[in-house]
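What follows is structure_7.cif (mmCIF, C-alpha atoms).
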```cif
data_query
#
loop_
_atom_site.label_atom_id
_atom_site.label_comp_id
_atom_site.auth_asym_id
_atom_site.auth_seq_id
_atom_site.Cartn_x
_atom_site.Cartn_y
_atom_site.Cartn_z
CA MET A 289 121.21 144.73 65.02
CA LYS A 290 122.35 147.17 67.65
CA THR A 291 120.14 145.43 70.25
CA THR A 292 121.76 142.06 69.48
CA LYS A 293 125.24 143.53 69.96
CA ILE A 294 124.23 145.03 73.30
CA ALA A 295 122.70 141.72 74.38
CA ARG A 296 125.87 139.83 73.41
CA SER A 297 128.19 142.18 75.25
CA SER A 298 126.02 142.20 78.38
CA ALA A 299 125.86 138.36 78.31
CA ALA A 300 129.66 138.25 78.04
CA LEU A 301 129.93 140.64 80.98
CA ILE A 302 127.62 138.52 83.11
CA PHE A 303 128.72 134.99 82.17
CA GLY A 304 132.43 135.68 81.65
CA PRO A 305 133.28 136.23 85.31
CA LEU A 306 130.89 133.44 86.29
CA LEU A 307 132.71 130.94 84.09
CA LEU A 308 136.03 132.15 85.48
CA ILE A 309 134.83 131.59 89.06
CA LEU A 310 133.53 128.10 88.21
CA ALA A 311 136.80 127.16 86.51
CA THR A 312 138.81 128.33 89.53
CA ALA A 313 136.55 126.41 91.92
CA GLY A 314 136.87 123.30 89.78
CA SER A 315 140.64 123.40 89.81
CA ALA A 316 140.67 124.02 93.59
CA GLN A 317 138.47 120.95 94.12
CA ASN A 318 140.92 118.70 92.31
CA ASN A 319 142.38 116.22 94.76
CA PRO A 320 145.95 117.28 95.51
CA HIS A 321 146.75 113.80 96.85
CA PRO A 322 147.98 111.23 94.36
CA LYS A 323 145.65 108.30 93.81
CA LEU A 324 146.35 105.07 95.67
CA LYS A 325 147.35 102.05 93.64
CA ALA A 326 146.38 98.45 94.27
CA SER A 327 145.59 95.54 92.01
CA ALA A 328 143.15 93.91 94.43
CA ILE A 329 140.97 94.70 97.40
CA GLN A 330 139.66 92.46 100.14
CA ILE A 331 136.42 93.51 101.78
CA LEU A 332 136.03 92.25 105.31
CA MET A 333 132.67 91.41 106.92
CA VAL A 334 131.04 94.44 108.49
CA GLN A 335 131.73 94.70 112.20
CA SER A 336 129.33 96.25 114.69
CA ASN A 337 131.11 96.38 118.00
CA GLU A 338 129.36 99.52 119.26
CA VAL A 339 125.79 99.00 118.08
CA ASN A 340 123.40 96.09 117.85
CA LEU A 341 123.05 95.67 114.11
CA PRO A 342 120.54 93.05 112.86
CA LEU A 343 122.09 90.33 110.70
CA PRO A 344 120.07 91.22 107.55
CA PHE A 345 121.59 94.73 107.62
CA GLN A 346 125.07 93.37 108.26
CA VAL A 347 124.74 90.93 105.37
CA ALA A 348 123.23 93.53 103.03
CA LEU A 349 125.98 96.06 103.85
CA TYR A 350 128.67 93.50 103.08
CA GLU A 351 127.11 92.12 99.90
CA ASN A 352 126.14 95.53 98.51
CA THR A 353 129.63 96.90 99.20
CA ILE A 354 131.26 94.02 97.32
CA GLU A 355 128.88 94.47 94.40
CA GLN A 356 129.35 98.22 94.13
CA VAL A 357 133.15 98.11 94.52
CA GLU A 358 133.27 95.47 91.75
CA LYS A 359 131.28 97.83 89.53
CA THR A 360 133.93 100.56 89.85
CA HIS A 361 136.40 98.31 87.90
CA LYS A 362 139.26 99.88 89.86
CA PHE A 363 140.67 96.51 90.92
CA GLU A 364 141.50 93.32 89.07
CA HIS A 365 140.04 91.28 91.92
CA VAL A 366 137.62 91.97 94.73
CA TYR A 367 138.15 89.33 97.40
CA ARG A 368 135.71 88.42 100.12
CA ASP A 369 136.50 88.08 103.80
CA GLY A 370 138.40 84.85 104.40
CA ASP A 371 139.31 84.21 100.76
CA GLN A 372 142.65 82.39 100.83
CA ALA A 373 143.69 83.65 97.38
CA ALA A 374 143.93 87.21 98.73
CA ALA A 375 147.07 86.31 100.70
CA GLN A 376 149.01 85.85 97.44
CA VAL A 377 148.45 89.45 96.28
CA PRO A 378 151.42 91.70 97.22
CA ASP A 379 149.68 95.09 96.86
CA LEU A 380 146.39 94.08 98.44
CA VAL A 381 144.22 96.75 100.04
CA ILE A 382 141.88 95.68 102.82
CA LEU A 383 138.62 97.48 103.57
CA HIS A 384 137.56 97.38 107.22
CA THR A 385 134.07 98.63 108.05
CA ASN A 386 132.73 99.25 111.54
CA VAL A 387 129.17 100.39 112.19
CA TYR A 388 129.08 103.04 114.93
CA GLY A 389 125.55 104.37 114.46
CA PHE A 390 122.32 102.68 113.46
CA LYS A 391 118.78 104.00 113.49
CA LYS A 392 116.20 101.63 112.11
CA GLY A 393 113.44 103.74 110.64
CA ASN A 394 109.93 102.80 109.67
CA GLU A 395 108.88 102.45 106.05
CA GLU A 396 105.22 103.03 106.96
CA GLU A 397 106.06 106.32 108.69
CA ARG A 398 108.18 107.39 105.74
CA GLN A 399 105.34 106.75 103.31
CA VAL A 400 102.69 108.49 105.39
CA LEU A 401 104.53 111.37 107.06
CA THR A 402 107.45 111.83 104.62
CA VAL A 403 109.56 113.73 107.17
CA ALA A 404 109.77 110.92 109.73
CA GLY A 405 110.96 107.33 109.82
CA SER A 406 114.27 107.57 108.00
CA THR A 407 116.81 104.76 108.39
CA GLN A 408 120.46 105.67 108.96
CA ILE A 409 123.60 103.58 109.17
CA LYS A 410 126.86 105.29 110.09
CA VAL A 411 129.95 103.34 109.19
CA HIS A 412 133.64 104.02 109.70
CA CYS A 413 135.58 102.76 106.70
CA GLN A 414 139.31 102.17 106.80
CA PHE A 415 141.48 101.05 103.91
CA THR A 416 144.71 99.40 105.06
CA ASP A 417 147.55 97.53 103.44
CA LYS A 418 148.33 93.91 104.28
CA SER A 419 150.40 94.83 107.32
CA GLY A 420 147.58 96.95 108.74
CA ASN A 421 148.91 100.42 107.93
CA SER A 422 146.05 102.80 107.31
CA GLU A 423 146.01 104.27 103.81
CA LEU A 424 142.64 105.99 103.84
CA GLN A 425 139.83 106.58 106.33
CA SER A 426 136.32 107.83 105.79
CA ASP A 427 133.00 107.99 107.65
CA VAL A 428 130.12 107.07 105.39
CA THR A 429 126.41 107.29 106.18
CA GLY A 430 123.79 105.21 104.38
CA LYS A 431 120.28 106.63 104.44
CA VAL A 432 116.81 105.96 103.19
CA ARG A 433 114.54 108.97 103.60
CA PHE A 434 111.46 108.70 101.40
CA LEU A 435 110.91 105.64 99.25
CA GLY A 436 112.11 102.12 99.77
CA GLU A 437 112.57 99.49 102.41
CA ASN A 438 114.92 99.92 105.35
CA LEU A 439 117.54 97.71 103.73
CA ARG A 440 117.88 100.27 100.94
CA ALA A 441 120.08 102.27 103.33
CA THR A 442 122.72 99.58 102.85
CA TYR A 443 122.61 100.14 99.07
CA ASP A 444 123.00 103.88 99.61
CA PHE A 445 126.02 103.20 101.83
CA ALA A 446 127.59 100.90 99.25
CA LYS A 447 127.14 103.47 96.49
CA LYS A 448 128.93 106.07 98.62
CA VAL A 449 131.78 103.66 99.39
CA SER A 450 132.18 103.00 95.68
CA ARG A 451 132.42 106.76 95.17
CA VAL A 452 135.20 106.92 97.80
CA VAL A 453 136.98 104.10 95.96
CA SER A 454 136.58 105.81 92.59
CA ASP A 455 137.91 109.10 93.93
CA ASN A 456 140.94 107.63 95.68
CA PHE A 457 142.08 104.66 93.60
CA MET B 88 61.83 69.92 84.15
CA LYS B 89 61.36 68.66 87.73
CA MET B 90 64.00 66.06 87.13
CA ARG B 91 66.50 68.73 86.09
CA SER B 92 65.91 70.87 89.17
CA ALA B 93 66.32 67.80 91.39
CA VAL B 94 69.64 66.83 89.79
CA ALA B 95 71.12 70.33 89.69
CA PRO B 96 72.12 70.48 93.40
CA PHE B 97 73.90 67.13 93.12
CA VAL B 98 75.77 68.23 90.03
CA ALA B 99 76.82 71.45 91.73
CA ALA B 100 77.89 69.63 94.90
CA SER B 101 79.94 67.08 92.96
CA ALA B 102 81.57 69.88 90.95
CA ILE B 103 82.57 71.61 94.20
CA VAL B 104 83.97 68.36 95.59
CA VAL B 105 86.02 67.80 92.42
CA LEU B 106 87.35 71.38 92.49
CA VAL B 107 88.29 71.16 96.17
CA ALA B 108 90.08 67.86 95.53
CA LEU B 109 91.96 69.38 92.60
CA PHE B 110 93.18 72.37 94.59
CA ALA B 111 93.81 70.48 97.83
CA ALA B 112 95.96 67.75 96.27
CA PRO B 113 99.08 69.82 95.46
CA VAL B 114 99.07 71.42 98.91
CA SER B 115 98.95 68.14 100.77
CA ALA B 116 101.57 66.64 98.48
CA GLN B 117 103.89 69.64 98.89
CA ASP B 118 107.15 69.01 100.70
CA THR B 119 107.26 70.87 104.00
CA ASN B 120 110.83 71.99 103.20
CA THR B 121 109.75 73.67 99.97
CA LEU B 122 108.21 77.11 100.04
CA LYS B 123 107.83 80.28 98.06
CA ALA B 124 110.44 82.85 99.06
CA LYS B 125 111.94 86.13 97.97
CA HIS B 126 115.70 86.34 97.62
CA VAL B 127 116.58 89.81 98.90
CA ILE B 128 120.35 89.70 98.42
CA GLY B 129 123.39 87.45 98.56
CA LEU B 130 123.03 84.51 96.18
CA VAL B 131 125.56 84.47 93.37
CA GLY B 132 123.87 84.66 89.96
CA VAL B 133 120.40 85.39 91.33
CA LYS B 134 118.85 88.83 90.96
CA HIS B 135 117.97 90.89 94.02
CA ASN B 136 114.35 90.61 95.15
CA ALA B 137 113.71 87.59 92.92
CA THR B 138 110.73 85.51 93.98
CA GLY B 139 111.22 81.78 93.62
CA THR B 140 111.20 78.44 95.39
CA LEU B 141 113.30 77.72 98.43
CA THR B 142 114.02 74.05 99.03
CA ILE B 143 116.02 72.47 101.80
CA GLU B 144 116.90 68.86 101.01
CA ASN B 145 119.84 66.51 100.52
CA GLY B 146 122.05 68.72 102.67
CA ASN B 147 121.57 71.80 100.50
CA LEU B 148 119.63 75.02 100.51
CA ASN B 149 118.36 75.48 96.96
CA PHE B 150 116.77 78.56 95.48
CA ALA B 151 115.23 78.42 92.03
CA LYS B 152 113.57 81.01 89.87
CA GLY B 153 112.88 79.70 86.39
CA ASN B 154 116.17 78.53 84.94
CA THR B 155 118.23 80.42 87.53
CA LYS B 156 119.28 78.15 90.35
CA ALA B 157 121.58 78.47 93.35
CA ALA B 158 122.60 75.87 95.88
CA ILE B 159 124.39 76.30 99.19
CA PRO B 160 125.61 73.30 101.18
CA ALA B 161 124.02 73.47 104.61
CA SER B 162 127.30 72.40 106.19
CA SER B 163 128.92 75.62 104.91
CA ILE B 164 126.35 77.81 106.72
CA SER B 165 127.89 79.26 109.85
CA GLU B 166 124.92 81.35 110.97
CA VAL B 167 121.15 81.22 110.51
CA LEU B 168 118.84 83.78 112.05
CA GLN B 169 115.17 84.39 111.50
CA GLY B 170 113.26 87.57 112.21
CA ALA B 171 109.81 89.07 111.81
CA ASP B 172 109.03 92.12 109.72
CA THR B 173 106.34 93.66 107.57
CA GLN B 174 106.27 94.70 103.95
CA ARG B 175 103.90 96.71 101.78
CA THR B 176 101.05 94.59 100.48
CA ILE B 177 101.27 96.42 97.16
CA GLY B 178 104.99 96.61 96.57
CA GLY B 179 107.43 96.99 93.72
CA THR B 180 106.92 99.42 90.86
CA VAL B 181 103.15 99.40 91.25
CA GLY B 182 103.55 100.24 94.93
CA THR B 183 105.82 103.17 94.07
CA LEU B 184 103.40 104.41 91.42
CA THR B 185 100.55 104.43 93.92
CA MET B 186 102.35 107.32 95.63
CA LEU B 187 101.20 109.44 92.67
CA ALA B 188 97.56 108.63 93.31
CA PRO B 189 95.43 111.70 94.12
CA TYR B 190 94.15 112.91 97.49
CA GLY B 191 96.78 111.00 99.47
CA SER B 192 95.25 107.66 98.55
CA GLY B 193 98.73 106.31 97.79
CA ARG B 194 99.80 107.01 101.34
CA PHE B 195 96.64 105.34 102.56
CA LEU B 196 97.44 102.23 100.50
CA SER B 197 100.91 102.06 102.03
CA LEU B 198 99.25 101.43 105.39
CA PHE B 199 98.25 97.97 104.17
CA ARG B 200 101.12 95.76 105.17
CA THR B 201 101.77 92.02 105.18
CA LYS B 202 103.57 90.26 108.00
CA ILE B 203 106.61 88.30 106.84
CA ASP B 204 109.57 86.40 108.25
CA THR B 205 113.15 87.02 107.22
CA VAL B 206 115.87 84.38 107.16
CA SER B 207 119.48 85.57 107.12
CA ILE B 208 122.38 83.22 106.59
CA ALA B 209 126.16 83.57 106.54
CA TYR B 210 128.10 80.92 104.66
CA VAL B 211 131.56 80.17 103.31
CA ASP B 212 132.43 79.23 99.71
CA THR B 213 135.03 76.67 98.62
CA SER B 214 137.90 79.19 98.66
CA GLY B 215 137.03 80.34 102.18
CA GLY B 216 135.26 83.55 101.15
CA MET B 217 132.45 84.73 103.42
CA HIS B 218 129.00 85.24 101.90
CA GLY B 219 125.69 86.35 103.32
CA ALA B 220 122.15 86.00 102.03
CA VAL B 221 118.75 87.26 103.09
CA PHE B 222 115.39 85.66 102.23
CA VAL B 223 111.82 86.73 102.88
CA VAL B 224 109.42 83.87 103.60
CA PRO B 225 105.75 83.80 104.63
CA LYS B 226 104.97 84.58 108.25
CA GLY B 227 105.72 81.69 110.57
CA LYS B 228 107.93 79.87 108.07
CA GLY B 229 111.19 81.40 109.28
CA VAL B 230 111.44 78.99 112.20
CA GLU B 231 110.70 76.05 109.91
CA VAL B 232 113.45 77.07 107.50
CA LYS B 233 115.91 77.47 110.33
CA ARG B 234 114.94 74.12 111.85
CA ALA B 235 115.33 72.39 108.47
CA LEU B 236 118.73 74.00 107.88
CA LEU B 237 119.99 73.02 111.33
CA ALA B 238 118.81 69.46 110.72
CA GLN B 239 120.83 69.40 107.48
CA GLY B 240 124.05 70.51 109.19
CA ALA B 241 123.93 74.33 109.38
CA LYS B 242 125.21 76.08 112.50
CA THR B 243 123.87 78.97 114.54
CA THR B 244 124.82 81.00 117.59
CA VAL B 245 121.15 81.39 118.61
CA PRO B 246 119.60 77.93 119.02
CA LEU B 247 115.88 77.43 118.33
CA ASP B 248 115.11 76.18 121.83
CA THR B 249 115.60 79.67 123.29
CA GLY B 250 111.90 80.09 122.51
CA ALA B 251 112.35 83.38 120.72
CA THR B 252 110.40 83.62 117.49
CA THR B 253 112.27 86.73 116.47
CA GLN B 254 116.02 86.89 116.68
CA THR B 255 118.35 89.79 116.28
CA ALA B 256 122.05 89.58 115.69
CA THR B 257 123.26 90.19 119.20
CA GLN B 258 126.12 87.82 118.65
CA LYS B 259 129.48 88.75 117.23
CA SER B 260 129.73 89.25 113.52
CA PRO B 261 129.73 86.01 111.58
CA GLY B 262 132.97 86.99 109.94
CA THR B 263 134.80 87.49 113.22
CA LYS B 264 137.70 85.16 113.59
CA GLN B 265 138.07 83.58 116.99
#
```

Rewrite the coordinates I just gave you, this time as structure tokens.
Amino acid sequence: MKTTKIARSSAALIFGPLLLILATAGSAQNNPHPKLKASAIQILMVQSNEVNLPLPFQVALYENTIEQVEKTHKFEHVYRDGDQAAAQVPDLVILHTNVYGFKKGNEEERQVLTVAGSTQIKVHCQFTDKSGNSELQSDVTGKVRFLGENLRATYDFAKKVSRVVSDNF
Amino acid sequence: MKMRSAVAPFVAASAIVVLVALFAAPVSAQDTNTLKAKHVIGLVGVKHNATGTLTIENGNLNFAKGNTKAAIPASSISEVLQGADTQRTIGGTVGTLTMLAPYGSGRFLSLFRTKIDTVSIAYVDTSGGMHGAVFVVPKGKGVEVKRALLAQGAKTTVPLDTGATTQTATQKSPGTKQ
């Protein structure tokens, strides 16, 4: 009985401060900025002015981004590049993406050597309003390190963009 | 008994001829614009990495897998590019599971790769929205698909007569307004 009491008090001594530290860290991590509001987003086709990005990657980046942003359910509509209906939305947010780094890895190397052959796509993402004023900017990197085809890096990128959307809208 | 042994080779030969005819007939009757393909991404309503039939006819690119069908008017395609690549011979879930095989045999299996062609297209829907799609077709068929699409009214920035069998997107983005 006495041993149980000692164990309880020592556990409280150890975990009490730990919980306090975690709670403080959690509240410090809370985003101080208010969330952005928009009823619709238009996702523009991925640009690659600085690097030579193969069309399959460009297409996969664009399509995966649309799919993942739709899954966040943060917007009533997700419009594609060129969609005329987007012009009617007053509080439209436009997502511009520009690829500034691309390293095409090798799936074979990844499978055999594990530490080599990763694919990386570095993309600068900018959310603007209709008049072009920047509301949010973020650099996102899509990677595939171990398993999967090279195009899986585009899925990784899209998942990270959806996280940015979820955190800020 | 002798009679049987004399007839046996003829029976076997005729059986082979019949079998060859049975298997050869569908191939020769197959439309050159129809081929087995994998839809990697981009078609509305079709799952990623679905394997089905790609048909280019009547001014449309059609992809069908069972009851799921998608059609894109060739005239709405603003870019077609083909490329060469390789993929794991044993892919999918089974391919991933082979990584668990003992003594590094999974890694050894991943060295077996199949050459493939990729066909990437960018197209516009009725409301003006830009779409893109990527297909994997058997090696050497990428050029045929591109040629068939161009014949049906699709456009490209890299014409086929450049002689290149593999094309990379060195042109401006298909969504770039000019």

Evaluate the PyMOL selection byres ((chain A) within 8 of (chain B)) on the structure here and hand back the selected residues as an mmCIF file with C-alpha atoms, keeping the file's coordinate frame.
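Listed below is the output, result-v3.cif:
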```
data_model
loop_
_atom_site.group_PDB
_atom_site.id
_atom_site.type_symbol
_atom_site.label_atom_id
_atom_site.label_comp_id
_atom_site.auth_asym_id
_atom_site.auth_seq_id
_atom_site.Cartn_x
_atom_site.Cartn_y
_atom_site.Cartn_z
ATOM 1 C CA LEU A 332 136.030 92.250 105.310
ATOM 2 C CA MET A 333 132.670 91.410 106.920
ATOM 3 C CA VAL A 334 131.040 94.440 108.490
ATOM 4 C CA GLN A 335 131.730 94.700 112.200
ATOM 5 C CA SER A 336 129.330 96.250 114.690
ATOM 6 C CA ASN A 337 131.110 96.380 118.000
ATOM 7 C CA ASN A 340 123.400 96.090 117.850
ATOM 8 C CA LEU A 341 123.050 95.670 114.110
ATOM 9 C CA PRO A 342 120.540 93.050 112.860
ATOM 10 C CA LEU A 343 122.090 90.330 110.700
ATOM 11 C CA PRO A 344 120.070 91.220 107.550
ATOM 12 C CA VAL A 347 124.740 90.930 105.370
ATOM 13 C CA ALA A 348 123.230 93.530 103.030
ATOM 14 C CA TYR A 350 128.670 93.500 103.080
ATOM 15 C CA GLU A 351 127.110 92.120 99.900
ATOM 16 C CA TYR A 367 138.150 89.330 97.400
ATOM 17 C CA ARG A 368 135.710 88.420 100.120
ATOM 18 C CA ASP A 369 136.500 88.080 103.800
ATOM 19 C CA GLY A 370 138.400 84.850 104.400
ATOM 20 C CA ASP A 371 139.310 84.210 100.760
ATOM 21 C CA GLN A 372 142.650 82.390 100.830
ATOM 22 C CA ALA A 373 143.690 83.650 97.380
ATOM 23 C CA GLU A 396 105.220 103.030 106.960
ATOM 24 C CA GLN A 399 105.340 106.750 103.310
ATOM 25 C CA VAL A 400 102.690 108.490 105.390
ATOM 26 C CA LEU A 435 110.910 105.640 99.250
#
```

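Evaluating the PyMOL selection byres ((chain B and resi 148) around 7) against the shown model yields Thr142, Ile143, Glu144, Asn147, Asn149, Phe150, Ala158, Ile159, Pro160 and Ala161 of chain B.
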
**Report entry** CA of Thr385 in chain A to CA of Gln346 in chain A, distance in Å rounded to a single decimal
**Finding:** 10.4 Å

Query raised in the report: Where does the PyMOL selection byres ((chain A and resi 411) around 6) land in this file, that is, which residues does it pick, as a PyMOL selection string?
Result: chain A and resi 386-388+410+412+427-428

Requested in this report: Mind giving me the straight-line distance from CA of Lys325 in chain A to CA of Ala374 in chain A in Å, one decimal?
Outcome: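 CA of Ala374 in chain A lies 16.1 Å from CA of Lys325 in chain A.
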
Query raised in the report: Thr138 in chain B: which residues within 10 Å, counting only C-alpha atoms, same-chain residues fewer than 4 positions away excluded, as a ChimeraX atom specification?
Result: /B:123-127,134,150-153,222-224

Report task. Measuring atom to atom with only C-alpha atoms, identify which of A:Leu383, A:Ile331, A:Ile409, A:Ala375 is nearest to Glu355 in chain A. Result ->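 Result for the nearest residue to Glu355 in chain A: A:Ile331.
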
**Report entry** Point-to-point distance from CA of Asn352 in chain A to CA of Ala328 in chain A, Å rounded to tenths
**Finding:**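 Taking CA of Asn352 in chain A as the start and CA of Ala328 in chain A as the end point, the length is 17.6 Å.
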
Query raised in the report: Which is closest to Thr416 in chain A among A:Thr429, A:Ser450, A:Gln330, A:Asn456, if we use all atoms listed in the file?
Result: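 Checking each candidate against Thr416 in chain A, we get A:Gln330 as the closest.
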
Query raised in the report: Smallest atom-to-atom distance to Gly132 in chain B: which of B:Asp204, B:Asn154, B:Ala188, B:Leu237, using all atoms listed in the file?
Result: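 Checking each candidate against Gly132 in chain B, we get B:Asn154 as the closest.
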
Report task. Within 8 Å of Gly227 in chain B, counting all atoms listed in the file, which residues show up once you throw out same-chain ones fewer than 2 positions away? Write them as a list of chain:residue names, please. Result -> B:Ile203, B:Asp204, B:Pro225, B:Gly229, B:Val230, B:Glu231

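Comparing B:Asn120, B:Thr244, B:Ser165, B:Ser192 by their smallest distance to Asn145 in chain B, the closest is B:Asn120 (using all atoms listed in the file).
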
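Considering all atoms listed in the file, the residue among A:Phe457, A:Thr353, A:Val339, A:Ser327 positioned nearest to Thr442 in chain A is A:Thr353.
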
Can you sort out range 321-341 of chain A so it carries N, CA and C atoms, written as a PDB file, in the coordinates of the input?
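So part19.pdb came out as:
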```pdb
ATOM      1  N   HIS A 321     146.059 115.045  96.503  1.00  0.00           N
ATOM      2  CA  HIS A 321     146.750 113.800  96.850  1.00  0.00           C
ATOM      3  C   HIS A 321     146.796 112.876  95.635  1.00  0.00           C
ATOM      4  N   PRO A 322     147.919 112.196  95.459  1.00  0.00           N
ATOM      5  CA  PRO A 322     147.980 111.230  94.360  1.00  0.00           C
ATOM      6  C   PRO A 322     147.057 110.036  94.658  1.00  0.00           C
ATOM      7  N   LYS A 323     146.570 109.424  93.616  1.00  0.00           N
ATOM      8  CA  LYS A 323     145.650 108.300  93.810  1.00  0.00           C
ATOM      9  C   LYS A 323     146.411 107.069  94.296  1.00  0.00           C
ATOM     10  N   LEU A 324     145.744 106.302  95.143  1.00  0.00           N
ATOM     11  CA  LEU A 324     146.350 105.070  95.670  1.00  0.00           C
ATOM     12  C   LEU A 324     146.312 104.005  94.586  1.00  0.00           C
ATOM     13  N   LYS A 325     147.303 103.103  94.641  1.00  0.00           N
ATOM     14  CA  LYS A 325     147.350 102.050  93.640  1.00  0.00           C
ATOM     15  C   LYS A 325     147.316 100.682  94.296  1.00  0.00           C
ATOM     16  N   ALA A 326     146.459  99.836  93.793  1.00  0.00           N
ATOM     17  CA  ALA A 326     146.380  98.450  94.270  1.00  0.00           C
ATOM     18  C   ALA A 326     145.704  97.621  93.198  1.00  0.00           C
ATOM     19  N   SER A 327     146.191  96.376  93.046  1.00  0.00           N
ATOM     20  CA  SER A 327     145.590  95.540  92.010  1.00  0.00           C
ATOM     21  C   SER A 327     144.374  94.790  92.528  1.00  0.00           C
ATOM     22  N   ALA A 328     144.278  94.661  93.865  1.00  0.00           N
ATOM     23  CA  ALA A 328     143.150  93.910  94.430  1.00  0.00           C
ATOM     24  C   ALA A 328     142.730  94.492  95.771  1.00  0.00           C
ATOM     25  N   ILE A 329     141.495  94.247  96.109  1.00  0.00           N
ATOM     26  CA  ILE A 329     140.970  94.700  97.400  1.00  0.00           C
ATOM     27  C   ILE A 329     140.259  93.519  98.068  1.00  0.00           C
ATOM     28  N   GLN A 330     140.403  93.461  99.365  1.00  0.00           N
ATOM     29  CA  GLN A 330     139.660  92.460 100.140  1.00  0.00           C
ATOM     30  C   GLN A 330     138.690  93.192 101.046  1.00  0.00           C
ATOM     31  N   ILE A 331     137.429  92.838 100.958  1.00  0.00           N
ATOM     32  CA  ILE A 331     136.420  93.510 101.780  1.00  0.00           C
ATOM     33  C   ILE A 331     136.044  92.588 102.933  1.00  0.00           C
ATOM     34  N   LEU A 332     136.303  93.060 104.132  1.00  0.00           N
ATOM     35  CA  LEU A 332     136.030  92.250 105.310  1.00  0.00           C
ATOM     36  C   LEU A 332     134.567  92.384 105.720  1.00  0.00           C
ATOM     37  N   MET A 333     134.050  91.383 106.429  1.00  0.00           N
ATOM     38  CA  MET A 333     132.670  91.410 106.920  1.00  0.00           C
ATOM     39  C   MET A 333     132.475  92.615 107.834  1.00  0.00           C
ATOM     40  N   VAL A 334     131.343  93.237 107.709  1.00  0.00           N
ATOM     41  CA  VAL A 334     131.040  94.440 108.490  1.00  0.00           C
ATOM     42  C   VAL A 334     131.013  94.095 109.980  1.00  0.00           C
ATOM     43  N   GLN A 335     131.718  94.888 110.750  1.00  0.00           N
ATOM     44  CA  GLN A 335     131.730  94.700 112.200  1.00  0.00           C
ATOM     45  C   GLN A 335     130.767  95.701 112.841  1.00  0.00           C
ATOM     46  N   SER A 336     130.211  95.321 113.970  1.00  0.00           N
ATOM     47  CA  SER A 336     129.330  96.250 114.690  1.00  0.00           C
ATOM     48  C   SER A 336     129.560  96.082 116.180  1.00  0.00           C
ATOM     49  N   ASN A 337     130.723  96.542 116.597  1.00  0.00           N
ATOM     50  CA  ASN A 337     131.110  96.380 118.000  1.00  0.00           C
ATOM     51  C   ASN A 337     130.346  97.327 118.923  1.00  0.00           C
ATOM     52  N   GLU A 338     129.978  98.502 118.401  1.00  0.00           N
ATOM     53  CA  GLU A 338     129.360  99.520 119.260  1.00  0.00           C
ATOM     54  C   GLU A 338     127.837  99.467 119.245  1.00  0.00           C
ATOM     55  N   VAL A 339     127.258  99.020 118.166  1.00  0.00           N
ATOM     56  CA  VAL A 339     125.790  99.000 118.080  1.00  0.00           C
ATOM     57  C   VAL A 339     125.287  97.596 117.765  1.00  0.00           C
ATOM     58  N   ASN A 340     124.011  97.381 118.104  1.00  0.00           N
ATOM     59  CA  ASN A 340     123.400  96.090 117.850  1.00  0.00           C
ATOM     60  C   ASN A 340     122.769  96.115 116.452  1.00  0.00           C
ATOM     61  N   LEU A 341     123.510  95.618 115.500  1.00  0.00           N
ATOM     62  CA  LEU A 341     123.050  95.670 114.110  1.00  0.00           C
ATOM     63  C   LEU A 341     122.431  94.318 113.721  1.00  0.00           C
TER      64      LEU A 341
END
```
